[in-house]
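Single-structure report; data block below.
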Amino acid sequence: MIKPPLANVNGILHIDGVSAVKLAETYGTPLYVIGESKIRENYRRLAEAFKRNYGKTRILYSAKANTNLSILKILKTEGAWVDVVSTGEIYLALEAGFQPSQILYTGVSVSEEELSYAFKAGVTINIDSESQLRKLLRIGVPHTLSVRINTEIGAGHHEYTVTASKTSKFGVDEKTALEIYRTARLAGVEKFGIHMHIGSGILNPDPYIKAAERLLQVAKNIHEVAGVNFEFVDVGGGIGVPYRPDEEEFDIEGFADKLTVLFKEKIQSCGLGEPELWLEPGRYLVAESTILLTRVNMVKQTPYRKFVGVDAGFNVLIRPTMYGSYHHVVVANRLNAEPAEKCDIVGPICESGDFLCRERLLPEVAEGDLIAVLTAGAYGYSMSSQYNSRPRPAEVLVKNGLHEVIRERETLQDLLRGQKTASWLNV
Ligand SMILES: Cc1ncc(COP(=O)(O)O)c(C=O)c1O
């Protein structure tokens, strides 16, 4: 798992040319460290794989994976647009410099207030229900509109990340979609897209391709029945990355080849013209760019288990607790030490579900050692919290030996932000 942007330099973990030990000493722990080169490399690989087959491909970074402004700006300079899911993400994307037309907003269970914000901001709205459309049309008539289709073919690394199935809350069926397009057209909407997102953490391209085929079939039917022309067909995000040493990479080029062959064949045979092909990767672009550095606070041997207690718990990285996710861990200051025994790496949170890994074979670990949790760039910081009133960690960006804070560590004062004592308690 130690491959660029990571390197083993005399037993010390380095990221993009910077020692993890030095970073932890300089900025403290827990600390997210993001290697810029990997984000750019992944973006270019994905864009190239698709564009060589279909020039009208567009990649929208799914901001929920990590909304740090520097990451948004890195991807913007690469030519990405952005996929957002909330008022906050629209706000951050605009702050990062994206034009409203480069932002696609896909909400579920959306309030009128949020829709109004999206409409006024001028971003493209991706409709998830008839009720959402009714709400939107009460606010105004957008120029362009997209509809999220539930293809009923889903995939993902955990049942919670599968977002298309008969029982999924996301998207609409074909019949409902048809009504939405008809209503929107009658209301004066001029341009349309069609969208799916079937899940997250997909390592097998087959369900993705099948779902895309289904989406294109729905597009064809809607085009034929309602005369809707599509400016773009958005196949969503979901491309997985290997978290375990024995896991195979998702074959990006093979996937791009298969998907674009299907896409070109279908748009031609279905008379769909030449819509843009949109993808919304989050995890694929950022997961492997980042490590989480966490310091060993305690080592505890019980009659049954050995616990390595670190300063990052599920308040910092919730994926192991929430999804049972595997993250590879290494002792960053002693990479060449031989594996010695199985340990649980646990955090400082007062819950038994607070662990980064369980029964993991590790070298002898001592208090003060530095643990690096790998592949932590997607849904790491963005799902962190202040639970147990622990301020969130800092984020540092590294590039060819340079390093800079791109999000400051929260302070104790941040725990008070917005809090007020009720007037009757002020004595
Ligand atoms: C609508 C939508 N698009 C894209 C994504 C990005 O998924 P991933 O990070 O797996 O690529 C998500 C994630 O949940 C999503 O909900």
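Note on naming: chains are A, B, ... as they come in the structure tokens, residues start from 1 per chain, ligands start from 1 in the order shown.
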
Expected selection as JSON, numbers by chain for ligand 1 within 6 Å, only C-alpha atoms and all ligand atoms:
{"A": [62, 65, 106, 197, 200, 201, 236, 237, 238, 239, 280, 281, 282, 283, 284]}

Next, the residues of the selection above should be written as a PDB file, in the first residue's frame with N, CA and C atoms.
```
ATOM      1  N   SER A  62     -17.467  15.222  -6.923  1.00  0.00           N
ATOM      2  CA  SER A  62     -18.526  15.121  -5.924  1.00  0.00           C
ATOM      3  C   SER A  62     -17.985  15.659  -4.601  1.00  0.00           C
ATOM      4  N   ALA A  65     -17.181  14.269  -0.787  1.00  0.00           N
ATOM      5  CA  ALA A  65     -16.039  13.441  -0.366  1.00  0.00           C
ATOM      6  C   ALA A  65     -15.068  14.262   0.480  1.00  0.00           C
ATOM      7  N   THR A 106     -27.868  18.129  -6.496  1.00  0.00           N
ATOM      8  CA  THR A 106     -28.747  16.963  -6.386  1.00  0.00           C
ATOM      9  C   THR A 106     -29.151  16.815  -4.935  1.00  0.00           C
ATOM     10  N   HIS A 197     -27.317   7.877  -9.949  1.00  0.00           N
ATOM     11  CA  HIS A 197     -26.133   7.611  -9.101  1.00  0.00           C
ATOM     12  C   HIS A 197     -26.499   6.355  -8.321  1.00  0.00           C
ATOM     13  N   SER A 200     -21.875   3.917  -3.945  1.00  0.00           N
ATOM     14  CA  SER A 200     -20.516   4.407  -3.709  1.00  0.00           C
ATOM     15  C   SER A 200     -19.588   3.265  -3.302  1.00  0.00           C
ATOM     16  N   GLY A 201     -18.367   3.303  -3.833  1.00  0.00           N
ATOM     17  CA  GLY A 201     -17.395   2.258  -3.489  1.00  0.00           C
ATOM     18  C   GLY A 201     -17.582   1.022  -4.346  1.00  0.00           C
ATOM     19  N   GLY A 236     -23.428   9.546 -12.765  1.00  0.00           N
ATOM     20  CA  GLY A 236     -23.145   9.574 -11.332  1.00  0.00           C
ATOM     21  C   GLY A 236     -21.708   9.243 -10.984  1.00  0.00           C
ATOM     22  N   GLY A 237     -21.518   9.020  -9.690  1.00  0.00           N
ATOM     23  CA  GLY A 237     -20.177   8.665  -9.194  1.00  0.00           C
ATOM     24  C   GLY A 237     -20.161   7.215  -8.773  1.00  0.00           C
ATOM     25  N   GLY A 238     -19.277   6.904  -7.816  1.00  0.00           N
ATOM     26  CA  GLY A 238     -19.312   5.555  -7.255  1.00  0.00           C
ATOM     27  C   GLY A 238     -18.078   4.717  -7.477  1.00  0.00           C
ATOM     28  N   ILE A 239     -17.165   5.167  -8.341  1.00  0.00           N
ATOM     29  CA  ILE A 239     -15.979   4.347  -8.634  1.00  0.00           C
ATOM     30  C   ILE A 239     -15.187   4.123  -7.347  1.00  0.00           C
ATOM     31  N   GLU A 280     -19.641  11.776 -11.914  1.00  0.00           N
ATOM     32  CA  GLU A 280     -19.550  12.519 -10.645  1.00  0.00           C
ATOM     33  C   GLU A 280     -18.709  11.778  -9.619  1.00  0.00           C
ATOM     34  N   PRO A 281     -17.439  11.549  -9.868  1.00  0.00           N
ATOM     35  CA  PRO A 281     -16.634  10.815  -8.899  1.00  0.00           C
ATOM     36  C   PRO A 281     -16.253  11.675  -7.705  1.00  0.00           C
ATOM     37  N   GLY A 282     -16.311  11.102  -6.531  1.00  0.00           N
ATOM     38  CA  GLY A 282     -15.810  11.757  -5.332  1.00  0.00           C
ATOM     39  C   GLY A 282     -14.622  10.950  -4.827  1.00  0.00           C
ATOM     40  N   ARG A 283     -14.948   9.780  -4.302  1.00  0.00           N
ATOM     41  CA  ARG A 283     -13.935   8.909  -3.702  1.00  0.00           C
ATOM     42  C   ARG A 283     -12.731   8.670  -4.621  1.00  0.00           C
ATOM     43  N   TYR A 284     -13.011   8.361  -5.897  1.00  0.00           N
ATOM     44  CA  TYR A 284     -11.905   8.005  -6.792  1.00  0.00           C
ATOM     45  C   TYR A 284     -10.875   9.133  -6.880  1.00  0.00           C
TER      46      TYR A 284
END
```

DSSP helix (DSSP H, G or I) selection over range 219-409 of chain A, as a ChimeraX atom specification:
/A:219-226,252-269,283-289,319-323,381-383,387-389

Check range 102-275 of chain A with DSSP on the backbone and list each residue it calls strand (DSSP E or B), as a ChimeraX atom specification.
/A:103-106,124-127,144-149,162,172,191-195,199,202,230-234,239

Leaving out Gly309 in chain A and any residue of its chain fewer than 2 positions from it, which residues lie within 8 Å of it when counting only C-alpha atoms, given as a PyMOL selection string?
chain A and resi 296-300+307+311+345-348

Ala164 in chain A proximity check over A:Ala211, A:Leu361, A:Val85, A:Val189, using only C-alpha atoms: winner is A:Ala211

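Between Val398 in chain A and the candidates A:Tyr379, A:Val172, A:Leu46, A:Ser70, the tightest atom-to-atom separation, counting only C-alpha atoms, involves A:Ser70.
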
Pro391 in chain A proximity check over A:Leu31, A:Leu145, A:Ala80, A:Val308, using only C-alpha atoms: winner is A:Leu31

For Tyr326 in chain A, please output as a PyMOL selection string all residues within 9 Å (counting only C-alpha atoms; exclusion window: fewer than 5 positions along the same chain).
chain A and resi 243-244+319-320+356-357

Residues just named, written with N, CA and C atoms as a PDB file, in the first residue's frame:
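To be explicit, this is the file written out as selection-v5.pdb:
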```
ATOM      1  N   TYR A 243      -8.891  -0.439  -0.741  1.00  0.00           N
ATOM      2  CA  TYR A 243      -8.505  -0.064   0.624  1.00  0.00           C
ATOM      3  C   TYR A 243      -7.598  -1.127   1.241  1.00  0.00           C
ATOM      4  N   ARG A 244      -7.727  -2.376   0.752  1.00  0.00           N
ATOM      5  CA  ARG A 244      -6.932  -3.479   1.306  1.00  0.00           C
ATOM      6  C   ARG A 244      -5.772  -3.777   0.376  1.00  0.00           C
ATOM      7  N   ARG A 319     -15.613   5.981   9.126  1.00  0.00           N
ATOM      8  CA  ARG A 319     -15.903   4.881   8.193  1.00  0.00           C
ATOM      9  C   ARG A 319     -15.793   3.489   8.825  1.00  0.00           C
ATOM     10  N   PRO A 320     -14.768   3.195   9.631  1.00  0.00           N
ATOM     11  CA  PRO A 320     -14.709   1.856  10.225  1.00  0.00           C
ATOM     12  C   PRO A 320     -15.924   1.556  11.107  1.00  0.00           C
ATOM     13  N   LEU A 356     -10.430   2.124  14.899  1.00  0.00           N
ATOM     14  CA  LEU A 356      -9.977   2.335  13.517  1.00  0.00           C
ATOM     15  C   LEU A 356      -9.768   0.991  12.834  1.00  0.00           C
ATOM     16  N   CYS A 357      -9.376  -0.014  13.626  1.00  0.00           N
ATOM     17  CA  CYS A 357      -9.299  -1.381  13.090  1.00  0.00           C
ATOM     18  C   CYS A 357      -9.286  -2.349  14.264  1.00  0.00           C
TER      19      CYS A 357
END
```

Which residues are close to Thr87 in chain A, i.e. within 12 Å by only C-alpha atoms, leaving aside same-chain residues fewer than 5 positions away? Reply as number ranges by chain.
A: 64, 92-94, 103-107, 110-121, 123, 125

Could you save those same residues with N, CA and C atoms as a short mmCIF file (atom, residue, chain, number, x, y, z; two decimals), in the first residue's frame?
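Contents of result.cif, as written:
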```cif
data_model
loop_
_atom_site.label_atom_id
_atom_site.label_comp_id
_atom_site.auth_asym_id
_atom_site.auth_seq_id
_atom_site.Cartn_x
_atom_site.Cartn_y
_atom_site.Cartn_z
N LYS A 64 -18.93 16.18 -1.69
CA LYS A 64 -19.17 15.61 -0.36
C LYS A 64 -18.01 14.74 0.13
N LEU A 92 -19.86 26.66 -0.82
CA LEU A 92 -18.42 26.41 -0.87
C LEU A 92 -17.93 26.33 -2.33
N ALA A 93 -18.73 25.72 -3.20
CA ALA A 93 -18.32 25.61 -4.61
C ALA A 93 -18.22 27.01 -5.23
N LEU A 94 -19.17 27.88 -4.89
CA LEU A 94 -19.10 29.26 -5.41
C LEU A 94 -17.88 29.98 -4.84
N ILE A 103 -22.09 23.95 -11.65
CA ILE A 103 -22.48 23.28 -10.41
C ILE A 103 -23.80 22.54 -10.62
N LEU A 104 -23.80 21.26 -10.32
CA LEU A 104 -25.05 20.47 -10.38
C LEU A 104 -25.46 20.15 -8.96
N TYR A 105 -26.68 20.55 -8.61
CA TYR A 105 -27.18 20.33 -7.26
C TYR A 105 -28.18 19.17 -7.26
N THR A 106 -27.87 18.13 -6.50
CA THR A 106 -28.75 16.96 -6.39
C THR A 106 -29.15 16.82 -4.93
N GLY A 107 -30.40 17.16 -4.63
CA GLY A 107 -30.83 17.06 -3.24
C GLY A 107 -31.88 15.98 -3.07
N VAL A 110 -35.70 17.91 0.21
CA VAL A 110 -35.20 19.29 0.14
C VAL A 110 -36.26 20.28 0.62
N SER A 111 -35.86 21.23 1.42
CA SER A 111 -36.80 22.26 1.88
C SER A 111 -36.96 23.34 0.80
N GLU A 112 -38.06 24.09 0.91
CA GLU A 112 -38.29 25.17 -0.05
C GLU A 112 -37.16 26.21 0.05
N GLU A 113 -36.69 26.41 1.27
CA GLU A 113 -35.63 27.40 1.51
C GLU A 113 -34.35 26.99 0.75
N GLU A 114 -34.03 25.69 0.84
CA GLU A 114 -32.80 25.21 0.17
C GLU A 114 -32.95 25.31 -1.35
N LEU A 115 -34.14 24.92 -1.85
CA LEU A 115 -34.37 25.00 -3.31
C LEU A 115 -34.27 26.43 -3.78
N SER A 116 -34.81 27.31 -2.97
CA SER A 116 -34.80 28.72 -3.33
C SER A 116 -33.35 29.22 -3.42
N TYR A 117 -32.53 28.80 -2.48
CA TYR A 117 -31.10 29.18 -2.49
C TYR A 117 -30.44 28.67 -3.77
N ALA A 118 -30.72 27.40 -4.10
CA ALA A 118 -30.12 26.80 -5.30
C ALA A 118 -30.58 27.54 -6.55
N PHE A 119 -31.87 27.84 -6.60
CA PHE A 119 -32.44 28.52 -7.77
C PHE A 119 -31.82 29.91 -7.93
N LYS A 120 -31.78 30.65 -6.82
CA LYS A 120 -31.24 32.02 -6.89
C LYS A 120 -29.75 32.03 -7.21
N ALA A 121 -29.06 30.98 -6.76
CA ALA A 121 -27.62 30.89 -7.05
C ALA A 121 -27.39 30.59 -8.54
N VAL A 123 -27.57 27.57 -10.03
CA VAL A 123 -26.95 26.27 -10.32
C VAL A 123 -27.96 25.37 -11.01
N ILE A 125 -30.30 22.29 -11.29
CA ILE A 125 -30.96 21.49 -10.25
C ILE A 125 -31.35 20.14 -10.82
#
```

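Atom to atom, CA of Val261 in chain A and CA of Ile222 in chain A stand 21.6 Å apart.
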
Could you state the separation of CA of Thr77 in chain A and CA of Asn42 in chain A in Å, given to one decimal place?
13.7 Å

re CA of Ser325 in chain A and CA of Thr167 in chain A: distance 23.5 Å

Can you pull out every residue within 9 Å of Gly55 in chain A, counting only C-alpha atoms, but drop anything in the same chain fewer than 4 positions away, and send it as an mmCIF file with N, CA and C atoms, in the first residue's frame?
```cif
data_model
loop_
_atom_site.group_PDB
_atom_site.id
_atom_site.type_symbol
_atom_site.label_atom_id
_atom_site.label_comp_id
_atom_site.auth_asym_id
_atom_site.auth_seq_id
_atom_site.Cartn_x
_atom_site.Cartn_y
_atom_site.Cartn_z
ATOM 1 N N PHE A 50 -11.820 8.627 -20.568
ATOM 2 C CA PHE A 50 -13.114 8.864 -21.209
ATOM 3 C C PHE A 50 -12.992 9.731 -22.453
ATOM 4 N N LYS A 51 -12.195 10.794 -22.342
ATOM 5 C CA LYS A 51 -12.160 11.768 -23.443
ATOM 6 C C LYS A 51 -11.536 11.202 -24.706
ATOM 7 N N GLU A 276 -23.695 15.530 -23.750
ATOM 8 C CA GLU A 276 -22.452 15.358 -22.984
ATOM 9 C C GLU A 276 -22.616 14.162 -22.053
ATOM 10 N N LEU A 277 -21.507 13.472 -21.794
ATOM 11 C CA LEU A 277 -21.512 12.368 -20.830
ATOM 12 C C LEU A 277 -20.888 12.907 -19.547
#
```

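Minimum atom-to-atom distance to Ala287 in chain A, evaluated using only C-alpha atoms, belongs to A:Val241 out of A:Val241, A:Ile194, A:Val405, A:Glu95.
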
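Non-sequential neighbours of Arg40 in chain A (distance at most 12 Å, separation of 6 or more positions within a chain, only C-alpha atoms) are Pro5, Ile34, Leu46, Ala47, Glu48, Tyr61, Ile71, Leu72, Lys73, Ile74, Leu75, Lys76, Thr77, Glu78, Gly79, Ala80, Tyr284, Leu285, Val286, Glu288, Ser289 and Lys399 of chain A.
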
With C-alpha atoms kept, could you save the residues just selected as an mmCIF file, in the first residue's frame?
```
data_model
loop_
_atom_site.group_PDB
_atom_site.id
_atom_site.type_symbol
_atom_site.label_atom_id
_atom_site.label_comp_id
_atom_site.auth_asym_id
_atom_site.auth_seq_id
_atom_site.Cartn_x
_atom_site.Cartn_y
_atom_site.Cartn_z
ATOM 1 C CA PRO A 5 2.276 9.786 -3.215
ATOM 2 C CA ILE A 34 -3.395 15.503 1.493
ATOM 3 C CA LEU A 46 -10.099 9.412 -15.500
ATOM 4 C CA ALA A 47 -10.582 12.335 -17.869
ATOM 5 C CA GLU A 48 -8.152 10.889 -20.390
ATOM 6 C CA TYR A 61 -16.102 16.357 -8.567
ATOM 7 C CA ILE A 71 -9.236 20.552 -3.040
ATOM 8 C CA LEU A 72 -12.096 22.216 -4.902
ATOM 9 C CA LYS A 73 -9.609 24.671 -6.404
ATOM 10 C CA ILE A 74 -7.143 21.943 -7.414
ATOM 11 C CA LEU A 75 -9.906 20.140 -9.276
ATOM 12 C CA LYS A 76 -11.213 23.352 -10.774
ATOM 13 C CA THR A 77 -7.781 24.078 -12.260
ATOM 14 C CA GLU A 78 -7.865 20.585 -13.785
ATOM 15 C CA GLY A 79 -11.131 21.459 -15.545
ATOM 16 C CA ALA A 80 -13.625 19.720 -13.262
ATOM 17 C CA TYR A 284 -11.905 8.005 -6.792
ATOM 18 C CA LEU A 285 -10.419 11.490 -7.053
ATOM 19 C CA VAL A 286 -9.429 12.055 -3.438
ATOM 20 C CA GLU A 288 -5.850 7.765 -2.084
ATOM 21 C CA SER A 289 -4.399 11.268 -1.842
ATOM 22 C CA LYS A 399 3.154 19.210 -2.876
#
```
